[in-house]
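Student: What follows is final09.txt, made up of compact mmCIF, C-alpha atoms:
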```
# COMPACT_ATOMS: atom_id res chain seq x y z
CA MET C 1 3.64 -0.24 6.18
CA PRO C 2 4.46 3.22 7.58
CA ALA C 3 1.87 4.90 9.78
CA PRO C 4 -0.46 7.18 7.84
CA ARG C 5 -0.37 10.92 8.18
CA ILE C 6 -3.30 12.31 10.14
CA LYS C 7 -5.70 15.15 9.37
CA LEU C 8 -8.27 16.25 11.94
CA CYS C 9 -11.05 18.22 10.29
CA GLY C 10 -13.47 20.84 11.55
CA LEU C 11 -11.41 22.30 14.39
CA THR C 12 -13.06 25.45 15.69
CA ASP C 13 -11.31 26.44 18.91
CA ALA C 14 -7.92 26.66 20.55
CA ALA C 15 -8.49 23.67 22.82
CA ALA C 16 -9.19 21.38 19.87
CA LEU C 17 -6.23 22.73 17.93
CA ASP C 18 -3.90 22.30 20.89
CA ALA C 19 -5.17 18.73 21.37
CA ALA C 20 -4.46 17.97 17.71
CA ILE C 21 -0.95 19.35 18.01
CA SER C 22 -0.33 17.49 21.26
CA ALA C 23 -1.47 14.25 19.60
CA ARG C 24 0.99 14.94 16.74
CA ALA C 25 -1.59 15.21 13.98
CA ASP C 26 -0.13 16.42 10.70
CA TYR C 27 -2.96 18.66 9.50
CA ALA C 28 -5.73 20.73 11.03
CA GLY C 29 -8.82 21.17 8.87
CA PHE C 30 -10.69 24.48 9.11
CA ASN C 31 -14.22 24.38 7.67
CA PHE C 32 -15.44 27.42 5.74
CA TYR C 33 -18.81 25.99 4.66
CA PRO C 34 -21.52 27.98 6.52
CA PRO C 35 -24.17 25.20 6.78
CA SER C 36 -21.72 22.93 8.61
CA PRO C 37 -21.79 22.70 12.42
CA ARG C 38 -18.01 23.04 12.14
CA PHE C 39 -18.11 26.35 10.26
CA LEU C 40 -15.25 28.65 11.24
CA LYS C 41 -15.80 32.42 11.00
CA SER C 42 -13.05 34.78 9.90
CA ASP C 43 -12.14 36.02 13.37
CA GLY C 44 -11.78 32.47 14.69
CA ALA C 45 -9.84 31.48 11.58
CA ALA C 46 -7.31 34.25 12.15
CA GLU C 47 -6.78 33.21 15.76
CA LEU C 48 -6.31 29.54 14.92
CA GLY C 49 -4.16 30.29 11.90
CA VAL C 50 -1.66 32.16 14.05
CA ARG C 51 -1.82 29.54 16.80
CA ALA C 52 -1.07 26.76 14.31
CA GLU C 53 1.88 28.53 12.67
CA GLY C 54 4.85 26.19 12.39
CA ARG C 55 3.12 23.53 14.53
CA ILE C 56 0.64 21.82 12.19
CA GLY C 57 -0.47 22.10 8.56
CA ARG C 58 -3.55 24.25 7.92
CA VAL C 59 -6.08 23.02 5.36
CA GLY C 60 -9.18 25.07 4.51
CA VAL C 61 -12.33 23.18 3.51
CA PHE C 62 -14.62 24.80 0.92
CA VAL C 63 -17.80 23.76 -0.89
CA ASP C 64 -18.33 25.52 -4.23
CA ALA C 65 -17.10 28.77 -2.67
CA ALA C 66 -16.57 32.04 -4.52
CA ASP C 67 -13.05 33.29 -5.18
CA ALA C 68 -13.42 36.13 -2.67
CA VAL C 69 -14.55 33.78 0.10
CA ILE C 70 -11.60 31.48 -0.46
CA ALA C 71 -9.09 34.33 -0.70
CA GLU C 72 -10.37 35.85 2.54
CA ALA C 73 -10.08 32.53 4.38
CA VAL C 74 -6.62 31.83 2.99
CA ALA C 75 -5.41 35.19 4.28
CA ALA C 76 -7.18 34.98 7.64
CA ALA C 77 -6.13 31.44 8.55
CA ARG C 78 -2.78 31.52 6.73
CA LEU C 79 -3.78 28.32 4.97
CA ASP C 80 -1.18 25.90 3.63
CA ALA C 81 -3.65 24.12 1.33
CA ILE C 82 -7.29 24.27 0.24
CA GLN C 83 -9.67 21.31 0.14
CA LEU C 84 -12.55 21.33 -2.36
CA HIS C 85 -15.56 19.36 -1.18
CA GLY C 86 -18.28 20.41 -3.62
CA SER C 87 -18.85 20.00 -7.35
CA GLU C 88 -15.61 21.74 -8.36
CA THR C 89 -14.36 20.61 -11.77
CA PRO C 90 -10.73 19.91 -12.66
CA GLN C 91 -10.69 23.30 -14.41
CA ARG C 92 -11.88 25.03 -11.24
CA ALA C 93 -9.28 23.20 -9.16
CA ALA C 94 -6.52 24.19 -11.58
CA GLU C 95 -7.65 27.83 -11.62
CA LEU C 96 -7.60 28.07 -7.83
CA ARG C 97 -4.26 26.32 -7.62
CA ALA C 98 -2.74 28.84 -10.04
CA ALA C 99 -4.40 31.89 -8.51
CA LEU C 100 -3.57 31.08 -4.89
CA GLY C 101 -0.24 29.34 -5.32
CA LEU C 102 -1.34 26.68 -2.84
CA PRO C 103 -1.77 22.90 -3.06
CA VAL C 104 -5.33 21.83 -3.82
CA TRP C 105 -6.91 18.77 -2.22
CA ARG C 106 -9.96 17.39 -4.03
CA VAL C 107 -12.54 15.26 -2.24
CA ILE C 108 -14.07 12.41 -4.24
CA GLY C 109 -17.28 10.91 -2.84
CA ILE C 110 -17.33 7.10 -2.98
CA ALA C 111 -20.36 4.83 -3.00
CA LYS C 112 -19.24 2.23 -5.56
CA ALA C 113 -16.07 1.15 -7.34
CA GLU C 114 -16.78 3.31 -10.41
CA ASP C 115 -16.54 6.48 -8.31
CA ILE C 116 -12.82 5.97 -7.75
CA ALA C 117 -12.11 6.57 -11.43
CA LYS C 118 -13.29 10.18 -11.10
CA ALA C 119 -9.99 11.01 -9.41
CA ALA C 120 -8.05 10.55 -12.66
CA ALA C 121 -9.51 13.76 -14.11
CA TYR C 122 -7.73 15.79 -11.43
CA VAL C 123 -4.20 14.71 -12.35
CA GLY C 124 -2.41 17.95 -13.20
CA ALA C 125 -5.20 20.03 -11.64
CA ALA C 126 -5.03 19.01 -7.97
CA ASP C 127 -2.24 17.89 -5.67
CA PHE C 128 -4.05 15.42 -3.42
CA ILE C 129 -7.18 13.26 -3.55
CA LEU C 130 -9.26 12.55 -0.45
CA PHE C 131 -11.70 9.66 -0.81
CA ASP C 132 -14.75 10.18 1.40
CA ALA C 133 -18.14 8.50 1.75
CA LYS C 134 -20.72 9.89 -0.65
CA THR C 135 -23.55 11.44 1.35
CA PRO C 136 -27.24 11.45 0.41
CA LYS C 137 -28.55 14.35 -1.70
CA GLY C 138 -29.75 17.27 0.37
CA THR C 139 -27.34 16.57 3.24
CA LEU C 140 -23.93 17.92 4.14
CA PRO C 141 -21.16 16.78 1.76
CA GLY C 142 -19.11 15.29 4.59
CA GLY C 143 -18.60 15.02 8.32
CA MET C 144 -21.68 12.86 8.83
CA GLY C 145 -19.97 9.78 10.18
CA LEU C 146 -20.69 7.72 7.07
CA ALA C 147 -18.21 5.16 5.77
CA PHE C 148 -17.91 3.33 2.47
CA ASP C 149 -16.55 -0.12 1.68
CA TRP C 150 -12.83 0.27 2.31
CA ASN C 151 -12.13 -2.85 0.28
CA LEU C 152 -12.80 -0.75 -2.81
CA LEU C 153 -9.43 0.94 -2.21
CA ALA C 154 -7.43 -2.24 -1.51
CA GLY C 155 -4.43 -2.37 -3.84
CA LEU C 156 -5.18 1.07 -5.23
CA LYS C 157 -2.55 2.58 -7.53
CA MET C 158 -2.87 6.33 -7.93
CA ALA C 159 -1.06 8.98 -9.96
CA LEU C 160 -1.78 11.46 -7.15
CA PRO C 161 -1.15 11.22 -3.39
CA TRP C 162 -4.36 10.30 -1.61
CA GLY C 163 -6.07 9.79 1.73
CA LEU C 164 -9.10 8.20 3.35
CA ALA C 165 -12.02 9.89 5.13
CA GLY C 166 -15.55 8.94 6.08
CA GLY C 167 -16.73 7.51 9.37
CA LEU C 168 -13.26 7.03 10.82
CA ASN C 169 -12.80 6.90 14.59
CA ALA C 170 -10.42 5.42 17.15
CA ALA C 171 -12.16 2.05 17.00
CA ASN C 172 -11.89 1.50 13.25
CA VAL C 173 -9.05 3.63 11.87
CA ALA C 174 -6.33 1.01 12.33
CA GLY C 175 -8.39 -1.57 10.46
CA ALA C 176 -9.23 0.91 7.71
CA ALA C 177 -5.56 1.78 7.30
CA ARG C 178 -4.61 -1.90 7.08
CA VAL C 179 -7.24 -2.63 4.42
CA THR C 180 -6.58 0.42 2.27
CA ARG C 181 -2.95 1.18 3.07
CA ALA C 182 -4.04 4.82 2.95
CA PRO C 183 -1.12 7.26 3.22
CA LEU C 184 -3.38 9.68 5.16
CA VAL C 185 -6.47 9.31 7.34
CA ASP C 186 -8.95 12.09 8.11
CA ALA C 187 -11.50 12.32 10.93
CA ALA C 188 -14.21 14.86 11.78
CA SER C 189 -17.30 13.47 13.52
CA GLY C 190 -15.28 10.54 14.88
CA ILE C 191 -13.38 12.85 17.23
CA GLU C 192 -16.44 14.69 18.56
CA SER C 193 -18.60 14.35 21.66
CA ALA C 194 -21.42 16.22 19.85
CA PRO C 195 -21.75 17.65 16.32
CA GLY C 196 -19.00 20.23 15.92
CA VAL C 197 -17.65 19.73 19.45
CA LYS C 198 -14.17 18.22 19.42
CA ASP C 199 -13.15 15.98 22.33
CA PRO C 200 -9.44 16.08 23.27
CA ALA C 201 -9.58 12.52 24.58
CA LEU C 202 -11.07 11.24 21.31
CA ILE C 203 -8.45 13.20 19.35
CA ALA C 204 -5.64 11.56 21.34
CA ALA C 205 -7.21 8.12 20.97
CA PHE C 206 -7.72 8.52 17.22
CA CYS C 207 -4.13 9.60 16.59
CA ALA C 208 -2.75 6.77 18.72
CA ALA C 209 -4.92 4.21 16.94
CA ALA C 210 -4.01 5.54 13.51
CA ARG C 211 -0.33 5.05 14.29
CA SER C 212 -0.89 1.54 15.62
```
Before anything else, please render the file you have as structure tokens.
Tutor:
Amino acid sequence: MPAPRIKLCGLTDAAALDAAISARADYAGFNFYPPSPRFLKSDGAAELGVRAEGRIGRVGVFVDAADAVIAEAVAAARLDAIQLHGSETPQRAAELRAALGLPVWRVIGIAKAEDIAKAAAYVGAADFILFDAKTPKGTLPGGMGLAFDWNLLAGLKMALPWGLAGGLNAANVAGAARVTRAPLVDAASGIESAPGVKDPALIAAFCAAARS
């Protein structure tokens, strides 16, 4: 099985971005959801967007955001794709895809096997599905270090490209990739020394483990 592609989510400063690039991650995730400890303001987004140019893919993370908010972030960070992590419907995903001319990643929260089927509705509306652990009501929609039963994805056949998120870190990502055969793995809290604080050593270790 080929090594999965790697996305590191919630990068907020140049040191974290440079560490991701040095570790040969494929995508940098920039979080535009204000309640998150990884929220990236417009001025920081512009700086990181330029710094990432031609070196790593730039994915913007949004949670039920207004058109103007998304458009501003796309322009500031020079995003290559947008990731929808809220209650966005297939229609909403398709509208944004058409309006922005960018690939749309849709996050599907997983707690049980039946949740996986929700991805089918996004065929033709989104370009990529990211399976993440479903978080409790009233909490952040992701980045909480929660995992789901990876065996639910074993042998998965999908009409869309997909990836795995939720509680991944250097200690478990290789095992998760073996069980799921995920084409992409995504980490946020698992590469942090504190909420929202990326650790270059953990970034390097995660990327090395993912490729192992």
Student: Measuring between only C-alpha atoms, which one of C:Ala171, C:Ala81, C:Leu40, C:Ala46 shows the shortest distance to Arg58 of chain C?
Tutor: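 Using only C-alpha atoms, the shortest distance to Arg58 of chain C belongs to C:Ala81.
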Student: Might you pull out every residue within 8 Å of segment 22-30 of chain C, with all atoms listed in the file counted and same-chain residues fewer than 5 positions away left off, and present them as a list in words?
Tutor: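 Selected residues are Arg5, Ile6, Lys7, Leu8, Cys9, Gly10, Leu11, Thr12, Leu17, Phe39, Leu40, Ala45, Ile56, Gly57, Arg58, Val59, Gly60, Val61, Ile203, Ala204, Cys207 and Ala208 of chain C.
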Student: Grab the atom CA of Ala16 of chain C to atom CA of Leu146 of chain C distance for me, in Å with one decimal place.
Tutor: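 Taking atom CA of Ala16 of chain C as the start and atom CA of Leu146 of chain C as the end point, the length is 22.0 Å.
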Student: Would you pick out the contacts of Asp64 of chain C at 10 Å or less, using all atoms listed in the file, so that residues sharing its chain but fewer than 3 positions from it are not included, and give the list as a list in words?
Tutor: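 Those residues are Tyr33, Asp67, Ile70, Leu84, His85, Gly86, Ser87, Glu88, Thr89 and Arg92 of chain C.
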Student: Quick check, in Å to one decimal: how far apart do atom CA of Ala177 of chain C and atom CA of Pro4 of chain C lie?
Tutor: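 These two atoms are separated by 7.4 Å.
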Student: Do a neighbour search on segment 129-132 of chain C at 8 Å with all atoms listed in the file, toss out local chain neighbours closer than 6 positions, and write the hits as a list of chain:residue names.
Tutor: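 The neighbour list is C:Trp105, C:Arg106, C:Val107, C:Ile108, C:Gly109, C:Ile110, C:Ile116, C:Ala119, C:Gly142, C:Ala147, C:Phe148, C:Leu160, C:Pro161, C:Trp162, C:Gly163, C:Leu164, C:Ala165, C:Gly166.
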Student: Can you measure atom CA of Ala154 of chain C to atom CA of Ala182 of chain C for me? One decimal in Å is fine.
Tutor: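 Separation between atom CA of Ala154 of chain C and atom CA of Ala182 of chain C: 9.0 Å.
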Student: Which residue out of C:Leu168, C:Ala188, C:Ala3, C:Ala19 has the minimum interatomic distance to Ala201 of chain C when only C-alpha atoms are used?
Tutor: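 Smallest distance to Ala201 of chain C is found for C:Ala19.
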Student: For a quick check of understanding, using all atoms listed in the file, which of C:Asp115, C:Asp199, C:Arg51, C:Asp80 has the smallest distance to Ile21 of chain C?
Tutor: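 Answer, going by the shortest atom-to-atom distance: C:Arg51.
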Student: Rank nothing, just name the residue among C:Gln91, C:Glu47, C:Phe32, C:Arg211 nearest to Glu72 of chain C, using only C-alpha atoms.
Tutor: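 Using only C-alpha atoms, Glu72 of chain C sits closest to C:Phe32.
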Student: Which is closer to Ser189 of chain C than all the others in C:Leu79, C:Leu102, C:Ala73, C:Ala170, using all atoms listed in the file?
Tutor: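 When distances to Ser189 of chain C are compared using all atoms listed in the file, the smallest one comes from C:Ala170.
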Student: When you count only C-alpha atoms, which of these residues is closest to Gly124 of chain C: C:Ala66, C:Ala111, C:Ala159, C:Ala187?
Tutor: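 Under the stated criterion, the closest residue is C:Ala159.
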